[in-house]
file run_20.txt (compact mmCIF, C-alpha atoms)
# COMPACT_ATOMS: atom_id res chain seq x y z
CA MET A 26 42.51 37.43 -68.12
CA HIS A 27 41.19 35.19 -65.36
CA LEU A 28 39.88 31.67 -65.08
CA THR A 29 36.11 32.01 -65.12
CA ILE A 30 33.32 30.23 -63.30
CA ASN A 31 31.93 29.17 -66.69
CA GLU A 32 35.26 27.53 -67.55
CA LEU A 33 35.26 25.66 -64.22
CA LEU A 34 31.66 24.60 -64.83
CA ALA A 35 32.60 23.30 -68.29
CA TYR A 36 35.60 21.44 -66.86
CA THR A 37 33.52 19.79 -64.13
CA ASP A 38 30.83 18.94 -66.71
CA GLU A 39 33.52 17.05 -68.65
CA GLU A 40 34.66 15.27 -65.50
CA ARG A 41 31.13 14.25 -64.63
CA LYS A 42 30.61 12.81 -68.11
CA LYS A 43 33.86 10.82 -67.95
CA TRP A 44 32.96 9.37 -64.56
CA LYS A 45 29.32 8.65 -65.43
CA ASP A 46 30.23 6.86 -68.67
CA TRP A 47 32.98 4.88 -66.95
CA LEU A 48 30.83 3.90 -63.97
CA ALA A 49 28.08 2.74 -66.32
CA LEU A 50 30.60 0.53 -68.15
CA GLN A 51 31.64 -0.91 -64.78
CA GLU A 52 27.98 -1.78 -64.15
CA ASN A 53 27.82 0.43 -61.04
CA GLY A 54 30.35 -1.74 -59.16
CA PRO A 55 32.76 1.05 -58.16
CA LEU A 56 29.87 3.05 -56.67
CA LYS A 57 29.70 0.35 -53.98
CA ILE A 58 33.39 0.58 -53.00
CA ALA A 59 33.51 1.33 -49.29
CA LEU A 60 35.30 4.43 -48.05
CA ALA A 61 37.20 4.68 -44.80
CA GLY A 62 35.90 7.11 -42.21
CA ASP A 63 32.41 8.00 -41.20
CA ALA A 64 31.45 10.78 -43.61
CA PHE A 65 30.46 8.71 -46.67
CA SER A 66 30.13 4.95 -46.73
CA SER A 67 30.87 4.48 -50.45
CA ILE A 68 32.06 6.16 -53.61
CA GLY A 69 28.41 6.54 -54.62
CA GLY A 70 27.71 8.33 -51.35
CA LEU A 71 30.65 10.66 -51.94
CA ILE A 72 29.44 11.49 -55.45
CA LEU A 73 25.97 12.24 -54.09
CA HIS A 74 27.66 14.54 -51.55
CA ILE A 75 29.29 16.45 -54.44
CA PHE A 76 25.89 16.96 -56.06
CA TRP A 77 24.00 17.78 -52.84
CA ALA A 78 26.62 20.39 -51.93
CA GLU A 79 26.32 22.01 -55.35
CA LEU A 80 22.53 22.07 -55.08
CA PHE A 81 22.78 23.65 -51.62
CA TYR A 82 25.05 26.43 -52.92
CA ALA A 83 23.02 26.98 -56.09
CA LEU A 84 19.80 27.44 -54.16
CA TRP A 85 21.52 29.54 -51.51
CA MET A 86 22.85 31.95 -54.14
CA ARG A 87 19.27 32.31 -55.41
CA GLY A 88 18.05 33.18 -51.92
CA GLU A 89 16.53 29.79 -51.16
CA VAL A 90 17.57 27.61 -48.24
CA LEU A 91 17.76 23.86 -48.69
CA SER A 92 16.24 22.19 -45.63
CA GLU A 93 14.99 18.75 -44.64
CA ASN A 94 11.48 19.97 -45.50
CA SER A 95 12.35 21.23 -48.98
CA PRO A 96 10.38 19.35 -51.66
CA ILE A 97 13.60 18.61 -53.54
CA VAL A 98 15.10 17.03 -50.40
CA ILE A 99 12.01 14.98 -49.69
CA GLU A 100 11.92 13.78 -53.32
CA ASN A 101 15.63 12.86 -53.48
CA LYS A 102 16.48 11.94 -49.88
CA SER A 103 16.54 8.21 -50.57
CA LEU A 104 18.54 8.19 -53.79
CA PRO A 105 20.37 4.88 -54.14
CA PRO A 106 24.12 5.63 -54.12
CA ASP A 107 24.81 2.52 -56.22
CA ASP A 108 22.71 3.43 -59.29
CA VAL A 109 24.78 5.46 -61.77
CA GLU A 110 21.77 6.69 -63.74
CA LYS A 111 19.92 8.00 -60.68
CA VAL A 112 23.05 9.47 -59.07
CA PHE A 113 24.03 11.39 -62.20
CA ALA A 114 20.43 12.42 -62.97
CA PHE A 115 20.52 14.11 -59.58
CA GLY A 116 23.86 15.65 -60.55
CA ARG A 117 22.23 17.11 -63.67
CA LEU A 118 19.45 18.57 -61.53
CA ALA A 119 22.04 20.22 -59.26
CA ARG A 120 24.00 21.55 -62.24
CA ARG A 121 20.85 23.01 -63.81
CA ALA A 122 20.15 24.83 -60.55
CA MET A 123 23.72 26.15 -60.47
CA ARG A 124 23.59 27.33 -64.07
CA GLU A 125 20.27 29.05 -63.43
CA PHE A 126 22.16 31.23 -60.98
CA THR A 127 25.41 31.66 -62.93
CA ASP A 128 23.69 32.35 -66.26
CA ALA A 129 21.41 35.00 -64.76
CA ALA A 130 23.85 36.62 -62.30
CA ARG A 131 24.79 40.23 -62.94
CA GLU A 132 28.11 41.70 -61.81
CA ASP A 133 26.67 42.96 -58.52
CA ASP A 134 25.17 39.49 -57.83
CA TRP A 135 28.70 38.03 -57.90
CA GLU A 136 29.91 40.51 -55.28
CA ARG A 137 26.86 40.38 -53.00
CA THR A 138 27.63 38.78 -49.65
CA HIS A 139 25.72 35.62 -48.80
CA GLU A 140 25.46 34.29 -45.29
CA VAL A 141 24.11 31.04 -43.85
CA GLU A 142 24.54 28.69 -40.90
CA ALA A 143 24.67 25.03 -41.84
CA ARG A 144 25.91 21.93 -40.08
CA GLY A 145 27.30 23.88 -37.16
CA ILE A 146 29.29 26.43 -39.15
CA HIS A 147 28.66 29.98 -40.23
CA ILE A 148 29.49 30.67 -43.89
CA LYS A 149 29.73 34.17 -45.29
CA GLY A 150 31.17 35.46 -48.53
CA PRO A 151 30.61 36.81 -52.02
CA ALA A 152 28.96 34.56 -54.58
CA ARG A 153 32.11 34.46 -56.75
CA LYS A 154 34.14 32.91 -53.91
CA LEU A 155 31.37 30.58 -52.78
CA ILE A 156 30.71 29.26 -56.29
CA ALA A 157 34.45 28.87 -56.96
CA HIS A 158 34.70 27.00 -53.65
CA ILE A 159 31.97 24.51 -54.49
CA LEU A 160 33.50 23.77 -57.90
CA ILE A 161 36.95 23.25 -56.38
CA HIS A 162 35.27 21.09 -53.71
CA GLU A 163 33.94 18.91 -56.53
CA ILE A 164 37.33 18.69 -58.26
CA ARG A 165 39.00 17.61 -55.01
CA HIS A 166 36.41 14.88 -54.46
CA TRP A 167 36.80 13.53 -58.02
CA ALA A 168 40.52 13.20 -57.27
CA GLN A 169 39.58 11.27 -54.13
CA VAL A 170 37.37 8.96 -56.22
CA ALA A 171 40.26 8.41 -58.65
CA ILE A 172 42.61 7.41 -55.84
CA VAL A 173 40.13 4.94 -54.38
CA VAL A 174 39.37 3.23 -57.70
CA ARG A 175 43.12 2.96 -58.38
CA GLN A 176 43.52 1.32 -54.98
CA HIS A 177 41.00 -1.24 -56.17
CA ASP A 178 43.02 -1.95 -59.33
CA LEU A 179 40.66 -0.04 -61.60
CA PRO A 180 42.12 2.58 -63.95
CA PRO A 181 40.12 5.82 -63.74
CA PRO A 182 38.62 7.12 -66.98
CA GLY A 183 40.90 9.32 -69.06
CA ASP A 184 42.96 12.34 -68.24
CA HIS A 185 41.66 14.56 -65.47
CA ASP A 186 44.09 17.44 -65.28
CA LEU A 187 42.74 20.82 -66.35
CA LEU A 188 45.43 20.88 -69.03
CA PHE A 189 43.63 18.02 -70.83
CA SER A 190 40.18 19.60 -70.58
CA GLU A 191 38.57 20.69 -73.81
CA SER A 192 36.67 23.42 -71.95
CA PHE A 193 39.60 25.74 -72.81
CA GLY A 194 40.16 24.37 -76.28
CA LYS A 195 42.46 21.46 -77.03
CA LEU A 196 45.81 22.32 -75.42
CA VAL A 197 47.43 18.90 -75.29
CA THR A 198 47.64 16.13 -77.83
CA ARG A 199 49.19 12.77 -77.01
CA VAL A 200 51.89 11.79 -79.48
call {"tool": "encode", "arguments": {"input": "run_20.txt", "output": "structure tokens"}}
result
Amino acid sequence: MHLTINELLAYTDEERKKWKDWLALQENGPLKIALAGDAFSSIGGLILHIFWAELFYALWMRGEVLSENSPIVIENKSLPPDDVEKVFAFGRLARRAMREFTDAAREDDWERTHEVEARGIHIKGPARKLIAHILIHEIRHWAQVAIVVRQHDLPPPGDHDLLFSESFGKLVTRV
């Protein structure tokens, strides 16, 4: 038995809900926390990056290429990174696109090699590895968000380890 893409999707759905609910309770404040480096200026920008990356992969797996001229890019290019409702609405859009692929994919679709050049790199691989990659990419960035909010004396929302996820059934109970 193997960990499945659907289980990882369910786990990341749980994580997104925890973070969205918590950020809303914090009245969007943590979304404005500045990040060091030049890739993303704030936590909100990093979260948007998670969702944009997922949308890119979801469309790519469906044979579409996300470009600056794509209607979805034009419509969402100026999303405010400090508005929890708008950020996570975009996340739901990206997740719907991903699930459209994963729910419809047949066995041979998972093994078909996909290839693209983006941001100066050439990416090539089977859908199963590429989709697993983008979900692990998300998990890593949520951990980064947790570290930054802790550094700002804010406790992150709930337990985040896979062991605590209900996407596999309840495995752990606090006593």
call {"tool": "atom_distance", "arguments": {"input": "run_20.txt", "atom1": "atom CA of A:Asp184", "atom2": "atom CA of A:Val170"}}
result
13.7 Å
call {"tool": "closest_residue", "arguments": {"input": "run_20.txt", "among": "A:Leu33, A:Arg165, A:Leu91, A:Leu104", "to": "A:Glu142", "atoms": "all atoms listed in the file"}}
result
A:Leu91
call {"tool": "residues_near_point", "arguments": {"input": "run_20.txt", "point": "(41.7, 4.1, -55.2)", "cutoff": "12 Å", "atoms": "only C-alpha atoms", "output": "list in words"}}
result
Pro55, Leu56, Ile58, Ala59, Leu60, Ala61, Ser67, Ile68, Trp167, Ala168, Gln169, Val170, Ala171, Ile172, Val173, Val174, Arg175, Gln176, His177, Asp178, Leu179, Pro180 and Pro181 of chain A
call {"tool": "write_last_selection", "arguments": {"input": "run_20.txt", "atoms": "C-alpha atoms", "output": "mmCIF file, in the coordinates of the input"}}
result
data_model
loop_
_atom_site.group_PDB
_atom_site.id
_atom_site.type_symbol
_atom_site.label_atom_id
_atom_site.label_comp_id
_atom_site.auth_asym_id
_atom_site.auth_seq_id
_atom_site.Cartn_x
_atom_site.Cartn_y
_atom_site.Cartn_z
ATOM 1 C CA PRO A 55 32.760 1.050 -58.160
ATOM 2 C CA LEU A 56 29.870 3.050 -56.670
ATOM 3 C CA ILE A 58 33.390 0.580 -53.000
ATOM 4 C CA ALA A 59 33.510 1.330 -49.290
ATOM 5 C CA LEU A 60 35.300 4.430 -48.050
ATOM 6 C CA ALA A 61 37.200 4.680 -44.800
ATOM 7 C CA SER A 67 30.870 4.480 -50.450
ATOM 8 C CA ILE A 68 32.060 6.160 -53.610
ATOM 9 C CA TRP A 167 36.800 13.530 -58.020
ATOM 10 C CA ALA A 168 40.520 13.200 -57.270
ATOM 11 C CA GLN A 169 39.580 11.270 -54.130
ATOM 12 C CA VAL A 170 37.370 8.960 -56.220
ATOM 13 C CA ALA A 171 40.260 8.410 -58.650
ATOM 14 C CA ILE A 172 42.610 7.410 -55.840
ATOM 15 C CA VAL A 173 40.130 4.940 -54.380
ATOM 16 C CA VAL A 174 39.370 3.230 -57.700
ATOM 17 C CA ARG A 175 43.120 2.960 -58.380
ATOM 18 C CA GLN A 176 43.520 1.320 -54.980
ATOM 19 C CA HIS A 177 41.000 -1.240 -56.170
ATOM 20 C CA ASP A 178 43.020 -1.950 -59.330
ATOM 21 C CA LEU A 179 40.660 -0.040 -61.600
ATOM 22 C CA PRO A 180 42.120 2.580 -63.950
ATOM 23 C CA PRO A 181 40.120 5.820 -63.740
#
call {"tool": "residues_around", "arguments": {"input": "run_20.txt", "residues": "A:Leu50", "least_positions_apart": "5", "cutoff": "10 Å", "atoms": "all atoms listed in the file", "output": "ChimeraX atom specification"}}
result
/A:44-45,109
call {"tool": "closest_residue", "arguments": {"input": "run_20.txt", "among": "A:Gly88, A:Gly145, A:Pro151, A:Gly54", "to": "A:Asp107", "atoms": "all atoms listed in the file"}}
result
A:Gly54
call {"tool": "atom_distance", "arguments": {"input": "run_20.txt", "atom1": "atom CA of A:Glu52", "atom2": "atom CA of A:Ala114"}}
result
16.1 Å
call {"tool": "atom_distance", "arguments": {"input": "run_20.txt", "atom1": "atom CA of A:Asp133", "atom2": "atom CA of A:Arg117"}}
result
26.7 Å
call {"tool": "closest_atom_pairs", "arguments": {"input": "run_20.txt", "of": "stretch 49-145 of chain A", "to": "stretch 152-157 of chain A", "cutoff": "8 Å", "atoms": "all atoms listed in the file", "output": "JSON lines"}}
result
{"residue": "A:Tyr82", "atom": "CA", "partner": "A:Ile156", "partner_atom": "CA", "distance": 7.2}
{"residue": "A:Met86", "atom": "CA", "partner": "A:Ala152", "partner_atom": "CA", "distance": 6.7}
{"residue": "A:Asp134", "atom": "CA", "partner": "A:Ala152", "partner_atom": "CA", "distance": 7.0}
{"residue": "A:Trp135", "atom": "CA", "partner": "A:Ala152", "partner_atom": "CA", "distance": 4.8}
{"residue": "A:Glu136", "atom": "CA", "partner": "A:Ala152", "partner_atom": "CA", "distance": 6.1}
{"residue": "A:Arg137", "atom": "CA", "partner": "A:Ala152", "partner_atom": "CA", "distance": 6.4}
{"residue": "A:Thr138", "atom": "CA", "partner": "A:Ala152", "partner_atom": "CA", "distance": 6.6}
{"residue": "A:His139", "atom": "CA", "partner": "A:Ala152", "partner_atom": "CA", "distance": 6.7}
call {"tool": "residues_around", "arguments": {"input": "run_20.txt", "residues": "stretch 69-80 of chain A", "least_positions_apart": "4", "cutoff": "7 Å", "atoms": "all atoms listed in the file", "output": "PyMOL selection string"}}
result
chain A and resi 56-57+65+84+106-107+112+116+119+122-123+159+163
call {"tool": "residues_around", "arguments": {"input": "run_20.txt", "residues": "A:Leu28", "least_positions_apart": "4", "cutoff": "12 Å", "atoms": "all atoms listed in the file", "output": "JSON, numbers by chain"}}
result
{"A": [32, 33, 34, 35, 36, 153, 157, 187, 192, 193]}
call {"tool": "closest_residue", "arguments": {"input": "run_20.txt", "among": "A:Asp46, A:Gly183, A:Asn31, A:Glu191", "to": "A:Phe113", "atoms": "only C-alpha atoms"}}
result
A:Asp46
call {"tool": "decode", "arguments": {"input": "run_20.txt", "residues": "stretch 107-134 of chain A", "atoms": "N, CA and C atoms", "output": "mmCIF file, in the first residue's frame"}}
result
data_model
loop_
_atom_site.group_PDB
_atom_site.id
_atom_site.type_symbol
_atom_site.label_atom_id
_atom_site.label_comp_id
_atom_site.auth_asym_id
_atom_site.auth_seq_id
_atom_site.Cartn_x
_atom_site.Cartn_y
_atom_site.Cartn_z
ATOM 1 N N ASP A 107 -2.673 40.499 1.020
ATOM 2 C CA ASP A 107 -3.015 40.727 2.428
ATOM 3 C C ASP A 107 -4.521 40.612 2.687
ATOM 4 N N ASP A 108 -5.236 39.926 1.790
ATOM 5 C CA ASP A 108 -6.676 39.725 1.955
ATOM 6 C C ASP A 108 -6.943 38.221 1.982
ATOM 7 N N VAL A 109 -7.172 37.678 3.181
ATOM 8 C CA VAL A 109 -7.292 36.230 3.352
ATOM 9 C C VAL A 109 -8.389 35.640 2.476
ATOM 10 N N GLU A 110 -9.515 36.314 2.363
ATOM 11 C CA GLU A 110 -10.616 35.770 1.572
ATOM 12 C C GLU A 110 -10.242 35.655 0.099
ATOM 13 N N LYS A 111 -9.615 36.675 -0.448
ATOM 14 C CA LYS A 111 -9.236 36.655 -1.860
ATOM 15 C C LYS A 111 -8.090 35.675 -2.117
ATOM 16 N N VAL A 112 -7.121 35.639 -1.218
ATOM 17 C CA VAL A 112 -5.997 34.711 -1.374
ATOM 18 C C VAL A 112 -6.499 33.269 -1.385
ATOM 19 N N PHE A 113 -7.336 32.913 -0.424
ATOM 20 C CA PHE A 113 -7.790 31.530 -0.325
ATOM 21 C C PHE A 113 -8.880 31.199 -1.347
ATOM 22 N N ALA A 114 -9.610 32.191 -1.842
ATOM 23 C CA ALA A 114 -10.529 31.943 -2.963
ATOM 24 C C ALA A 114 -9.704 31.534 -4.188
ATOM 25 N N PHE A 115 -8.574 32.189 -4.376
ATOM 26 C CA PHE A 115 -7.690 31.805 -5.472
ATOM 27 C C PHE A 115 -7.130 30.399 -5.235
ATOM 28 N N GLY A 116 -6.827 30.080 -3.988
ATOM 29 C CA GLY A 116 -6.370 28.735 -3.654
ATOM 30 C C GLY A 116 -7.419 27.682 -3.993
ATOM 31 N N ARG A 117 -8.686 27.997 -3.750
ATOM 32 C CA ARG A 117 -9.762 27.058 -4.100
ATOM 33 C C ARG A 117 -9.861 26.882 -5.614
ATOM 34 N N LEU A 118 -9.660 27.952 -6.353
ATOM 35 C CA LEU A 118 -9.662 27.867 -7.812
ATOM 36 C C LEU A 118 -8.536 26.940 -8.288
ATOM 37 N N ALA A 119 -7.346 27.114 -7.725
ATOM 38 C CA ALA A 119 -6.208 26.264 -8.095
ATOM 39 C C ALA A 119 -6.474 24.807 -7.730
ATOM 40 N N ARG A 120 -7.045 24.576 -6.556
ATOM 41 C CA ARG A 120 -7.326 23.204 -6.126
ATOM 42 C C ARG A 120 -8.380 22.556 -7.013
ATOM 43 N N ARG A 121 -9.402 23.308 -7.400
ATOM 44 C CA ARG A 121 -10.407 22.767 -8.324
ATOM 45 C C ARG A 121 -9.750 22.328 -9.627
ATOM 46 N N ALA A 122 -8.856 23.152 -10.141
ATOM 47 C CA ALA A 122 -8.154 22.812 -11.385
ATOM 48 C C ALA A 122 -7.326 21.544 -11.193
ATOM 49 N N MET A 123 -6.670 21.422 -10.045
ATOM 50 C CA MET A 123 -5.860 20.228 -9.775
ATOM 51 C C MET A 123 -6.749 18.992 -9.692
ATOM 52 N N ARG A 124 -7.846 19.106 -8.982
ATOM 53 C CA ARG A 124 -8.738 17.954 -8.837
ATOM 54 C C ARG A 124 -9.418 17.574 -10.158
ATOM 55 N N GLU A 125 -9.623 18.541 -11.026
ATOM 56 C CA GLU A 125 -10.154 18.210 -12.348
ATOM 57 C C GLU A 125 -9.213 17.247 -13.058
ATOM 58 N N PHE A 126 -7.908 17.474 -12.887
ATOM 59 C CA PHE A 126 -6.955 16.537 -13.484
ATOM 60 C C PHE A 126 -6.923 15.227 -12.708
ATOM 61 N N THR A 127 -6.717 15.288 -11.402
ATOM 62 C CA THR A 127 -6.518 14.056 -10.629
ATOM 63 C C THR A 127 -7.753 13.167 -10.633
ATOM 64 N N ASP A 128 -8.942 13.762 -10.605
ATOM 65 C CA ASP A 128 -10.162 12.960 -10.596
ATOM 66 C C ASP A 128 -10.425 12.276 -11.938
ATOM 67 N N ALA A 129 -9.954 12.885 -13.014
ATOM 68 C CA ALA A 129 -10.220 12.337 -14.345
ATOM 69 C C ALA A 129 -9.071 11.481 -14.886
ATOM 70 N N ALA A 130 -7.899 11.581 -14.273
ATOM 71 C CA ALA A 130 -6.712 10.897 -14.808
ATOM 72 C C ALA A 130 -6.863 9.384 -14.753
ATOM 73 N N ARG A 131 -6.513 8.755 -15.862
ATOM 74 C CA ARG A 131 -6.462 7.296 -15.929
ATOM 75 C C ARG A 131 -5.031 6.871 -15.616
ATOM 76 N N GLU A 132 -4.816 5.594 -15.448
ATOM 77 C CA GLU A 132 -3.489 5.087 -15.083
ATOM 78 C C GLU A 132 -2.415 5.560 -16.055
ATOM 79 N N ASP A 133 -2.692 5.514 -17.357
ATOM 80 C CA ASP A 133 -1.679 5.930 -18.331
ATOM 81 C C ASP A 133 -1.427 7.440 -18.275
ATOM 82 N N ASP A 134 -2.420 8.233 -17.835
ATOM 83 C CA ASP A 134 -2.214 9.675 -17.676
ATOM 84 C C ASP A 134 -1.175 9.963 -16.592
#
